[in-house]
$ cat model-v6.cif   # mmCIF, C-alpha atoms
data_final
#
loop_
_atom_site.group_PDB
_atom_site.id
_atom_site.type_symbol
_atom_site.label_atom_id
_atom_site.label_comp_id
_atom_site.auth_asym_id
_atom_site.auth_seq_id
_atom_site.Cartn_x
_atom_site.Cartn_y
_atom_site.Cartn_z
ATOM 1 C CA THR A 1 0.822 3.804 -6.783
ATOM 2 C CA GLY A 2 1.021 4.078 -3.058
ATOM 3 C CA ASP A 3 0.925 7.092 -0.791
ATOM 4 C CA LYS A 4 3.932 6.839 1.514
ATOM 5 C CA ALA A 5 2.599 9.381 3.978
ATOM 6 C CA ASN A 6 -0.625 7.441 4.454
ATOM 7 C CA GLY A 7 1.365 4.206 4.609
ATOM 8 C CA ARG A 8 3.459 5.624 7.399
ATOM 9 C CA THR A 9 0.291 6.166 9.413
ATOM 10 C CA LEU A 10 -1.113 2.739 8.578
ATOM 11 C CA VAL A 11 1.990 0.798 9.652
ATOM 12 C CA TYR A 12 1.437 1.882 13.238
ATOM 13 C CA THR A 13 -0.608 -1.307 13.551
ATOM 14 C CA CYS A 14 2.185 -3.458 12.125
ATOM 15 C CA ASN A 15 4.720 -2.321 14.683
ATOM 16 C CA GLY A 16 3.393 -4.330 17.594
ATOM 17 C CA CYS A 17 4.745 -7.500 16.040
ATOM 18 C CA HIS A 18 7.001 -6.454 13.170
ATOM 19 C CA GLY A 19 8.949 -3.757 14.970
ATOM 20 C CA VAL A 20 9.453 -1.302 12.169
ATOM 21 C CA PRO A 21 12.674 0.663 12.830
ATOM 22 C CA GLY A 22 12.168 3.793 14.834
ATOM 23 C CA THR A 23 9.372 2.304 16.861
ATOM 24 C CA THR A 24 9.251 -0.047 19.821
ATOM 25 C CA ASN A 25 8.766 -3.722 19.116
ATOM 26 C CA ALA A 26 6.540 -5.299 21.716
ATOM 27 C CA TYR A 27 7.490 -8.877 20.799
ATOM 28 C CA PRO A 28 11.122 -8.887 19.750
ATOM 29 C CA GLN A 29 11.417 -12.656 19.913
ATOM 30 C CA TYR A 30 8.297 -13.564 17.956
ATOM 31 C CA PRO A 31 9.357 -15.040 14.605
ATOM 32 C CA VAL A 32 7.743 -12.573 12.240
ATOM 33 C CA PRO A 33 9.554 -11.295 9.175
ATOM 34 C CA LYS A 34 11.361 -8.007 9.052
ATOM 35 C CA ILE A 35 9.408 -5.810 6.660
ATOM 36 C CA ALA A 36 11.279 -2.486 6.610
ATOM 37 C CA GLY A 37 12.936 -2.068 3.230
ATOM 38 C CA GLN A 38 11.221 -5.147 1.831
ATOM 39 C CA ASN A 39 10.454 -5.413 -1.896
ATOM 40 C CA GLN A 40 7.410 -3.254 -2.687
ATOM 41 C CA GLN A 41 5.621 -5.668 -5.008
ATOM 42 C CA TYR A 42 6.339 -8.607 -2.693
ATOM 43 C CA LEU A 43 4.658 -6.725 0.153
ATOM 44 C CA ILE A 44 1.618 -5.998 -2.027
ATOM 45 C CA ASN A 45 1.410 -9.638 -3.106
ATOM 46 C CA ALA A 46 1.810 -10.919 0.454
ATOM 47 C CA LEU A 47 -0.940 -8.690 1.829
ATOM 48 C CA HIS A 48 -3.301 -9.709 -0.972
ATOM 49 C CA ALA A 49 -2.471 -13.369 -0.319
ATOM 50 C CA TYR A 50 -3.414 -12.930 3.342
ATOM 51 C CA LYS A 51 -6.540 -10.981 2.372
ATOM 52 C CA SER A 52 -7.703 -13.763 0.042
ATOM 53 C CA GLY A 53 -6.755 -16.548 2.443
ATOM 54 C CA GLU A 54 -4.053 -17.982 0.177
ATOM 55 C CA ARG A 55 -1.702 -17.344 3.077
ATOM 56 C CA THR A 56 -3.335 -18.421 6.282
ATOM 57 C CA HIS A 57 -1.718 -16.758 9.289
ATOM 58 C CA PRO A 58 -4.777 -15.766 11.388
ATOM 59 C CA THR A 59 -3.519 -12.400 12.600
ATOM 60 C CA MET A 60 -2.287 -11.393 9.179
ATOM 61 C CA MET A 61 -5.521 -12.524 7.515
ATOM 62 C CA ALA A 62 -7.503 -10.338 9.907
ATOM 63 C CA GLN A 63 -5.219 -7.366 9.357
ATOM 64 C CA ALA A 64 -5.167 -7.690 5.575
ATOM 65 C CA GLN A 65 -8.933 -8.121 5.366
ATOM 66 C CA SER A 66 -9.279 -4.771 7.127
ATOM 67 C CA LEU A 67 -7.235 -3.031 4.418
ATOM 68 C CA SER A 68 -8.427 -1.631 1.109
ATOM 69 C CA ASP A 69 -6.381 -2.266 -2.014
ATOM 70 C CA GLN A 70 -5.226 1.358 -1.866
ATOM 71 C CA GLU A 71 -4.163 1.005 1.756
ATOM 72 C CA ILE A 72 -2.119 -2.069 0.812
ATOM 73 C CA GLU A 73 -0.422 0.009 -1.884
ATOM 74 C CA ASP A 74 0.241 2.787 0.619
ATOM 75 C CA ILE A 75 1.776 0.436 3.193
ATOM 76 C CA ALA A 76 4.012 -1.187 0.590
ATOM 77 C CA ALA A 77 5.113 2.210 -0.740
ATOM 78 C CA TYR A 78 6.125 3.316 2.735
ATOM 79 C CA LEU A 79 7.795 0.128 3.944
ATOM 80 C CA SER A 80 9.804 -0.339 0.750
ATOM 81 C CA SER A 81 11.041 3.250 0.997
ATOM 82 C CA ILE A 82 12.665 2.947 4.417
ATOM 83 C CA SER A 83 15.948 1.268 5.294
ATOM 84 C CA PRO A 84 16.090 -2.281 6.589
ATOM 85 C CA LYS A 85 17.301 -2.547 10.159
ATOM 86 C CA THR B 1 21.199 -25.083 15.474
ATOM 87 C CA GLY B 2 22.363 -24.173 12.022
ATOM 88 C CA ASP B 3 25.799 -24.293 10.448
ATOM 89 C CA LYS B 4 26.418 -20.871 8.921
ATOM 90 C CA ALA B 5 29.298 -22.075 6.773
ATOM 91 C CA ASN B 6 27.164 -24.758 5.171
ATOM 92 C CA GLY B 7 24.313 -22.289 4.850
ATOM 93 C CA ARG B 8 26.560 -19.933 2.962
ATOM 94 C CA THR B 9 27.193 -22.680 0.415
ATOM 95 C CA LEU B 10 23.530 -23.643 0.189
ATOM 96 C CA VAL B 11 22.269 -20.113 -0.512
ATOM 97 C CA TYR B 12 24.081 -20.107 -3.831
ATOM 98 C CA THR B 13 20.851 -21.502 -5.249
ATOM 99 C CA CYS B 14 18.757 -18.739 -3.666
ATOM 100 C CA ASN B 15 20.740 -15.955 -5.282
ATOM 101 C CA GLY B 16 19.335 -16.332 -8.772
ATOM 102 C CA CYS B 17 16.073 -14.821 -7.599
ATOM 103 C CA HIS B 18 16.663 -13.392 -4.127
ATOM 104 C CA GLY B 19 19.918 -11.578 -4.842
ATOM 105 C CA VAL B 20 21.684 -12.068 -1.549
ATOM 106 C CA PRO B 21 24.108 -9.155 -1.011
ATOM 107 C CA GLY B 22 27.568 -9.760 -2.328
ATOM 108 C CA THR B 23 26.269 -11.752 -5.275
ATOM 109 C CA THR B 24 24.674 -10.855 -8.567
ATOM 110 C CA ASN B 25 20.902 -10.863 -8.763
ATOM 111 C CA ALA B 26 19.723 -12.205 -12.077
ATOM 112 C CA TYR B 27 16.172 -10.904 -11.693
ATOM 113 C CA PRO B 28 16.310 -7.626 -9.778
ATOM 114 C CA GLN B 29 12.737 -6.683 -10.670
ATOM 115 C CA TYR B 30 11.051 -9.960 -9.815
ATOM 116 C CA PRO B 31 8.962 -9.439 -6.674
ATOM 117 C CA VAL B 32 10.620 -11.888 -4.324
ATOM 118 C CA PRO B 33 11.332 -10.963 -0.718
ATOM 119 C CA LYS B 34 14.684 -9.761 0.479
ATOM 120 C CA ILE B 35 16.025 -12.494 2.743
ATOM 121 C CA ALA B 36 19.435 -11.246 3.896
ATOM 122 C CA GLY B 37 19.251 -10.402 7.587
ATOM 123 C CA GLN B 38 15.743 -11.827 7.904
ATOM 124 C CA ASN B 39 14.539 -13.273 11.220
ATOM 125 C CA GLN B 40 16.089 -16.728 11.687
ATOM 126 C CA GLN B 41 13.011 -18.538 12.980
ATOM 127 C CA TYR B 42 10.806 -16.901 10.362
ATOM 128 C CA LEU B 43 13.079 -18.257 7.640
ATOM 129 C CA ILE B 44 12.917 -21.745 9.144
ATOM 130 C CA ASN B 45 9.136 -21.565 9.397
ATOM 131 C CA ALA B 46 8.769 -20.246 5.843
ATOM 132 C CA LEU B 47 10.922 -23.002 4.342
ATOM 133 C CA HIS B 48 9.016 -25.681 6.253
ATOM 134 C CA ALA B 49 5.724 -24.136 5.090
ATOM 135 C CA TYR B 50 6.895 -24.389 1.477
ATOM 136 C CA LYS B 51 8.195 -27.913 2.067
ATOM 137 C CA SER B 52 4.832 -29.058 3.453
ATOM 138 C CA GLY B 53 2.812 -27.205 0.826
ATOM 139 C CA GLU B 54 1.208 -24.827 3.315
ATOM 140 C CA ARG B 55 2.770 -22.069 1.238
ATOM 141 C CA THR B 56 2.289 -22.827 -2.415
ATOM 142 C CA HIS B 57 4.776 -20.926 -4.567
ATOM 143 C CA PRO B 58 5.869 -23.623 -7.079
ATOM 144 C CA THR B 59 9.561 -22.707 -7.257
ATOM 145 C CA MET B 60 9.879 -22.372 -3.504
ATOM 146 C CA MET B 61 8.018 -25.643 -2.898
ATOM 147 C CA ALA B 62 10.460 -27.433 -5.202
ATOM 148 C CA GLN B 63 13.460 -25.821 -3.553
ATOM 149 C CA ALA B 64 12.290 -26.478 -0.011
ATOM 150 C CA GLN B 65 11.392 -30.077 -0.773
ATOM 151 C CA SER B 66 14.992 -30.606 -1.850
ATOM 152 C CA LEU B 67 16.274 -29.461 1.554
ATOM 153 C CA SER B 68 16.720 -31.531 4.698
ATOM 154 C CA ASP B 69 15.615 -30.067 8.025
ATOM 155 C CA GLN B 70 19.290 -29.517 8.875
ATOM 156 C CA GLU B 71 19.916 -27.696 5.610
ATOM 157 C CA ILE B 72 16.957 -25.418 6.366
ATOM 158 C CA GLU B 73 18.532 -24.653 9.758
ATOM 159 C CA ASP B 74 21.877 -23.961 8.078
ATOM 160 C CA ILE B 75 20.386 -21.579 5.514
ATOM 161 C CA ALA B 76 18.462 -19.685 8.194
ATOM 162 C CA ALA B 77 21.557 -19.441 10.393
ATOM 163 C CA TYR B 78 23.557 -17.931 7.556
ATOM 164 C CA LEU B 79 20.946 -15.559 6.156
ATOM 165 C CA SER B 80 19.990 -14.182 9.570
ATOM 166 C CA SER B 81 23.648 -13.533 10.345
ATOM 167 C CA ILE B 82 24.325 -11.222 7.410
ATOM 168 C CA SER B 83 23.294 -7.606 6.995
ATOM 169 C CA PRO B 84 20.172 -6.643 5.093
ATOM 170 C CA LYS B 85 20.868 -4.694 1.939
#
$ encode --input "model-v6.cif" --output "structure tokens"
Amino acid sequence: TGDKANGRTLVYTCNGCHGVPGTTNAYPQYPVPKIAGQNQQYLINALHAYKSGERTHPTMMAQAQSLSDQEIEDIAAYLSSISPK
Amino acid sequence: TGDKANGRTLVYTCNGCHGVPGTTNAYPQYPVPKIAGQNQQYLINALHAYKSGERTHPTMMAQAQSLSDQEIEDIAAYLSSISPK
């Protein structure tokens, strides 16, 4: 299971594009999905799909490949625990 | 641009798995993404990626391949207009 506190630290990187609530979104018009409050297991699956190359978005592949399996769990635990915006 | 009213009709099919707010979700534990209130252009891009086979989830490929480009616009217009749950 994921560590929400560590996930909260790790999602700092996500904010530049995804604009997690409570932070500033640098690219509000870029068509990335909202991820705050998203389904925990879906987030885990999506990050593993980017890590393996099943999903091919270049930025997300690079980000996911930098994450350990535990870090993916931590990010999903945190993001699924907060409210959607 | 999309027709929200038509989109509202079209998302009836989505509800079985995605559980759009205001409807009953048949599979609350299945790890599909929440789509209510999602970014409009992201939804359009995702449905086209399933339609083309770039994204490979079998159920979503079948669903997206049944949709016209206008219907994809309509669904995205509706879903992005409602509140996330």
$ resolve_selection --input "model-v6.cif" --expression "the PyMOL selection byres ((chain B) within 12 of (chain A))" --output "MDAnalysis selection string"
chainID B and resid 18:19 28:46 49:50 53:57 80 82:85
$ write_last_selection --input "model-v6.cif" --atoms "C-alpha atoms" --output "PDB file, in the coordinates of the input"
ATOM      1  CA  HIS B  18      16.663 -13.392  -4.127  1.00  0.00           C
ATOM      2  CA  GLY B  19      19.918 -11.578  -4.842  1.00  0.00           C
ATOM      3  CA  PRO B  28      16.310  -7.626  -9.778  1.00  0.00           C
ATOM      4  CA  GLN B  29      12.737  -6.683 -10.670  1.00  0.00           C
ATOM      5  CA  TYR B  30      11.051  -9.960  -9.815  1.00  0.00           C
ATOM      6  CA  PRO B  31       8.962  -9.439  -6.674  1.00  0.00           C
ATOM      7  CA  VAL B  32      10.620 -11.888  -4.324  1.00  0.00           C
ATOM      8  CA  PRO B  33      11.332 -10.963  -0.718  1.00  0.00           C
ATOM      9  CA  LYS B  34      14.684  -9.761   0.479  1.00  0.00           C
ATOM     10  CA  ILE B  35      16.025 -12.494   2.743  1.00  0.00           C
ATOM     11  CA  ALA B  36      19.435 -11.246   3.896  1.00  0.00           C
ATOM     12  CA  GLY B  37      19.251 -10.402   7.587  1.00  0.00           C
ATOM     13  CA  GLN B  38      15.743 -11.827   7.904  1.00  0.00           C
ATOM     14  CA  ASN B  39      14.539 -13.273  11.220  1.00  0.00           C
ATOM     15  CA  GLN B  40      16.089 -16.728  11.687  1.00  0.00           C
ATOM     16  CA  GLN B  41      13.011 -18.538  12.980  1.00  0.00           C
ATOM     17  CA  TYR B  42      10.806 -16.901  10.362  1.00  0.00           C
ATOM     18  CA  LEU B  43      13.079 -18.257   7.640  1.00  0.00           C
ATOM     19  CA  ILE B  44      12.917 -21.745   9.144  1.00  0.00           C
ATOM     20  CA  ASN B  45       9.136 -21.565   9.397  1.00  0.00           C
ATOM     21  CA  ALA B  46       8.769 -20.246   5.843  1.00  0.00           C
ATOM     22  CA  ALA B  49       5.724 -24.136   5.090  1.00  0.00           C
ATOM     23  CA  TYR B  50       6.895 -24.389   1.477  1.00  0.00           C
ATOM     24  CA  GLY B  53       2.812 -27.205   0.826  1.00  0.00           C
ATOM     25  CA  GLU B  54       1.208 -24.827   3.315  1.00  0.00           C
ATOM     26  CA  ARG B  55       2.770 -22.069   1.238  1.00  0.00           C
ATOM     27  CA  THR B  56       2.289 -22.827  -2.415  1.00  0.00           C
ATOM     28  CA  HIS B  57       4.776 -20.926  -4.567  1.00  0.00           C
ATOM     29  CA  SER B  80      19.990 -14.182   9.570  1.00  0.00           C
ATOM     30  CA  ILE B  82      24.325 -11.222   7.410  1.00  0.00           C
ATOM     31  CA  SER B  83      23.294  -7.606   6.995  1.00  0.00           C
ATOM     32  CA  PRO B  84      20.172  -6.643   5.093  1.00  0.00           C
ATOM     33  CA  LYS B  85      20.868  -4.694   1.939  1.00  0.00           C
TER      34      LYS B  85
END
$ residues_around --input "model-v6.cif" --residues "Ile72 of chain A" --least-positions-apart "4" --cutoff "10 Å" --atoms "all atoms listed in the file" --output "ChimeraX atom specification"
/A:2-3,7,10,43-48,64,66-68,76-77
$ write_last_selection --input "model-v6.cif" --atoms "C-alpha atoms" --output "PDB file, in the coordinates of the input"
ATOM      1  CA  GLY A   2       1.021   4.078  -3.058  1.00  0.00           C
ATOM      2  CA  ASP A   3       0.925   7.092  -0.791  1.00  0.00           C
ATOM      3  CA  GLY A   7       1.365   4.206   4.609  1.00  0.00           C
ATOM      4  CA  LEU A  10      -1.113   2.739   8.578  1.00  0.00           C
ATOM      5  CA  LEU A  43       4.658  -6.725   0.153  1.00  0.00           C
ATOM      6  CA  ILE A  44       1.618  -5.998  -2.027  1.00  0.00           C
ATOM      7  CA  ASN A  45       1.410  -9.638  -3.106  1.00  0.00           C
ATOM      8  CA  ALA A  46       1.810 -10.919   0.454  1.00  0.00           C
ATOM      9  CA  LEU A  47      -0.940  -8.690   1.829  1.00  0.00           C
ATOM     10  CA  HIS A  48      -3.301  -9.709  -0.972  1.00  0.00           C
ATOM     11  CA  ALA A  64      -5.167  -7.690   5.575  1.00  0.00           C
ATOM     12  CA  SER A  66      -9.279  -4.771   7.127  1.00  0.00           C
ATOM     13  CA  LEU A  67      -7.235  -3.031   4.418  1.00  0.00           C
ATOM     14  CA  SER A  68      -8.427  -1.631   1.109  1.00  0.00           C
ATOM     15  CA  ALA A  76       4.012  -1.187   0.590  1.00  0.00           C
ATOM     16  CA  ALA A  77       5.113   2.210  -0.740  1.00  0.00           C
TER      17      ALA A  77
END
$ atom_distance --input "model-v6.cif" --atom1 "atom CA of Lys51 of chain B" --atom2 "atom CA of Cys17 of chain B"
18.1 Å
$ atom_distance --input "model-v6.cif" --atom1 "atom CA of Thr9 of chain A" --atom2 "atom CA of Tyr78 of chain A"
9.3 Å
$ atom_distance --input "model-v6.cif" --atom1 "atom CA of Asp74 of chain B" --atom2 "atom CA of Met60 of chain A"
27.3 Å
$ build_atoms --input "model-v6.cif" --residues "segment 54-65 of chain A" --atoms "all heavy atoms" --output "PDB file, in the frame of the given file"
ATOM      1  N   GLU A  54      -5.084 -17.107   0.757  1.00  0.00           N
ATOM      2  CA  GLU A  54      -4.053 -17.982   0.177  1.00  0.00           C
ATOM      3  C   GLU A  54      -2.953 -18.234   1.192  1.00  0.00           C
ATOM      4  O   GLU A  54      -2.432 -19.349   1.290  1.00  0.00           O
ATOM      5  CB  GLU A  54      -3.493 -17.328  -1.089  1.00  0.00           C
ATOM      6  CG  GLU A  54      -2.456 -18.158  -1.827  1.00  0.00           C
ATOM      7  CD  GLU A  54      -1.737 -17.350  -2.892  1.00  0.00           C
ATOM      8  OE1 GLU A  54      -2.288 -16.308  -3.340  1.00  0.00           O
ATOM      9  OE2 GLU A  54      -0.615 -17.742  -3.249  1.00  0.00           O
ATOM     10  N   ARG A  55      -2.581 -17.182   1.911  1.00  0.00           N
ATOM     11  CA  ARG A  55      -1.702 -17.344   3.077  1.00  0.00           C
ATOM     12  C   ARG A  55      -2.592 -17.262   4.303  1.00  0.00           C
ATOM     13  O   ARG A  55      -3.500 -16.429   4.377  1.00  0.00           O
ATOM     14  CB  ARG A  55      -0.596 -16.281   3.106  1.00  0.00           C
ATOM     15  CG  ARG A  55       0.484 -16.557   2.059  1.00  0.00           C
ATOM     16  CD  ARG A  55       1.612 -15.558   2.104  1.00  0.00           C
ATOM     17  NE  ARG A  55       2.471 -15.720   3.277  1.00  0.00           N
ATOM     18  CZ  ARG A  55       3.617 -15.040   3.437  1.00  0.00           C
ATOM     19  NH1 ARG A  55       4.012 -14.165   2.539  1.00  0.00           N
ATOM     20  NH2 ARG A  55       4.359 -15.251   4.511  1.00  0.00           N
ATOM     21  N   THR A  56      -2.307 -18.129   5.274  1.00  0.00           N
ATOM     22  CA  THR A  56      -3.335 -18.421   6.282  1.00  0.00           C
ATOM     23  C   THR A  56      -3.009 -17.979   7.710  1.00  0.00           C
ATOM     24  O   THR A  56      -3.694 -18.384   8.628  1.00  0.00           O
ATOM     25  CB  THR A  56      -3.614 -19.940   6.304  1.00  0.00           C
ATOM     26  OG1 THR A  56      -2.379 -20.620   6.540  1.00  0.00           O
ATOM     27  CG2 THR A  56      -4.201 -20.403   4.994  1.00  0.00           C
ATOM     28  N   HIS A  57      -1.987 -17.173   7.906  1.00  0.00           N
ATOM     29  CA  HIS A  57      -1.718 -16.758   9.289  1.00  0.00           C
ATOM     30  C   HIS A  57      -2.909 -15.951   9.815  1.00  0.00           C
ATOM     31  O   HIS A  57      -3.301 -14.942   9.221  1.00  0.00           O
ATOM     32  CB  HIS A  57      -0.453 -15.902   9.323  1.00  0.00           C
ATOM     33  CG  HIS A  57       0.005 -15.582  10.699  1.00  0.00           C
ATOM     34  ND1 HIS A  57      -0.587 -14.613  11.476  1.00  0.00           N
ATOM     35  CD2 HIS A  57       0.974 -16.128  11.472  1.00  0.00           C
ATOM     36  CE1 HIS A  57       0.028 -14.564  12.645  1.00  0.00           C
ATOM     37  NE2 HIS A  57       0.970 -15.480  12.672  1.00  0.00           N
ATOM     38  N   PRO A  58      -3.525 -16.388  10.940  1.00  0.00           N
ATOM     39  CA  PRO A  58      -4.777 -15.766  11.388  1.00  0.00           C
ATOM     40  C   PRO A  58      -4.684 -14.262  11.630  1.00  0.00           C
ATOM     41  O   PRO A  58      -5.561 -13.511  11.201  1.00  0.00           O
ATOM     42  CB  PRO A  58      -5.100 -16.514  12.689  1.00  0.00           C
ATOM     43  CG  PRO A  58      -4.413 -17.834  12.553  1.00  0.00           C
ATOM     44  CD  PRO A  58      -3.156 -17.544  11.779  1.00  0.00           C
ATOM     45  N   THR A  59      -3.636 -13.832  12.317  1.00  0.00           N
ATOM     46  CA  THR A  59      -3.519 -12.400  12.600  1.00  0.00           C
ATOM     47  C   THR A  59      -3.356 -11.609  11.311  1.00  0.00           C
ATOM     48  O   THR A  59      -3.988 -10.558  11.117  1.00  0.00           O
ATOM     49  CB  THR A  59      -2.318 -12.122  13.524  1.00  0.00           C
ATOM     50  OG1 THR A  59      -2.467 -12.902  14.713  1.00  0.00           O
ATOM     51  CG2 THR A  59      -2.231 -10.653  13.895  1.00  0.00           C
ATOM     52  N   MET A  60      -2.517 -12.124  10.420  1.00  0.00           N
ATOM     53  CA  MET A  60      -2.287 -11.393   9.179  1.00  0.00           C
ATOM     54  C   MET A  60      -3.508 -11.417   8.264  1.00  0.00           C
ATOM     55  O   MET A  60      -3.776 -10.446   7.532  1.00  0.00           O
ATOM     56  CB  MET A  60      -1.047 -11.941   8.460  1.00  0.00           C
ATOM     57  CG  MET A  60       0.253 -11.463   9.079  1.00  0.00           C
ATOM     58  SD  MET A  60       0.372  -9.640   9.211  1.00  0.00           S
ATOM     59  CE  MET A  60       0.121  -9.167   7.494  1.00  0.00           C
ATOM     60  N   MET A  61      -4.276 -12.506   8.291  1.00  0.00           N
ATOM     61  CA  MET A  61      -5.521 -12.524   7.515  1.00  0.00           C
ATOM     62  C   MET A  61      -6.475 -11.435   8.013  1.00  0.00           C
ATOM     63  O   MET A  61      -7.075 -10.708   7.223  1.00  0.00           O
ATOM     64  CB  MET A  61      -6.201 -13.889   7.605  1.00  0.00           C
ATOM     65  CG  MET A  61      -5.470 -14.983   6.844  1.00  0.00           C
ATOM     66  SD  MET A  61      -6.232 -16.615   7.074  1.00  0.00           S
ATOM     67  CE  MET A  61      -7.767 -16.403   6.148  1.00  0.00           C
ATOM     68  N   ALA A  62      -6.592 -11.338   9.336  1.00  0.00           N
ATOM     69  CA  ALA A  62      -7.503 -10.338   9.907  1.00  0.00           C
ATOM     70  C   ALA A  62      -7.045  -8.925   9.561  1.00  0.00           C
ATOM     71  O   ALA A  62      -7.852  -8.061   9.198  1.00  0.00           O
ATOM     72  CB  ALA A  62      -7.593 -10.514  11.421  1.00  0.00           C
ATOM     73  N   GLN A  63      -5.739  -8.703   9.674  1.00  0.00           N
ATOM     74  CA  GLN A  63      -5.219  -7.366   9.357  1.00  0.00           C
ATOM     75  C   GLN A  63      -5.443  -7.038   7.880  1.00  0.00           C
ATOM     76  O   GLN A  63      -5.918  -5.953   7.538  1.00  0.00           O
ATOM     77  CB  GLN A  63      -3.714  -7.301   9.679  1.00  0.00           C
ATOM     78  CG  GLN A  63      -3.401  -7.395  11.156  1.00  0.00           C
ATOM     79  CD  GLN A  63      -3.932  -6.215  11.959  1.00  0.00           C
ATOM     80  OE1 GLN A  63      -4.085  -5.116  11.432  1.00  0.00           O
ATOM     81  NE2 GLN A  63      -4.233  -6.444  13.212  1.00  0.00           N
ATOM     82  N   ALA A  64      -5.087  -7.971   7.012  1.00  0.00           N
ATOM     83  CA  ALA A  64      -5.167  -7.690   5.575  1.00  0.00           C
ATOM     84  C   ALA A  64      -6.611  -7.498   5.136  1.00  0.00           C
ATOM     85  O   ALA A  64      -6.899  -6.677   4.255  1.00  0.00           O
ATOM     86  CB  ALA A  64      -4.501  -8.811   4.784  1.00  0.00           C
ATOM     87  N   GLN A  65      -7.519  -8.252   5.737  1.00  0.00           N
ATOM     88  CA  GLN A  65      -8.933  -8.121   5.366  1.00  0.00           C
ATOM     89  C   GLN A  65      -9.504  -6.769   5.788  1.00  0.00           C
ATOM     90  O   GLN A  65     -10.534  -6.351   5.265  1.00  0.00           O
ATOM     91  CB  GLN A  65      -9.734  -9.288   5.947  1.00  0.00           C
ATOM     92  CG  GLN A  65      -9.482 -10.580   5.157  1.00  0.00           C
ATOM     93  CD  GLN A  65      -9.919 -11.834   5.880  1.00  0.00           C
ATOM     94  OE1 GLN A  65     -10.539 -11.781   6.934  1.00  0.00           O
ATOM     95  NE2 GLN A  65      -9.568 -12.981   5.310  1.00  0.00           N
TER      96      GLN A  65
END
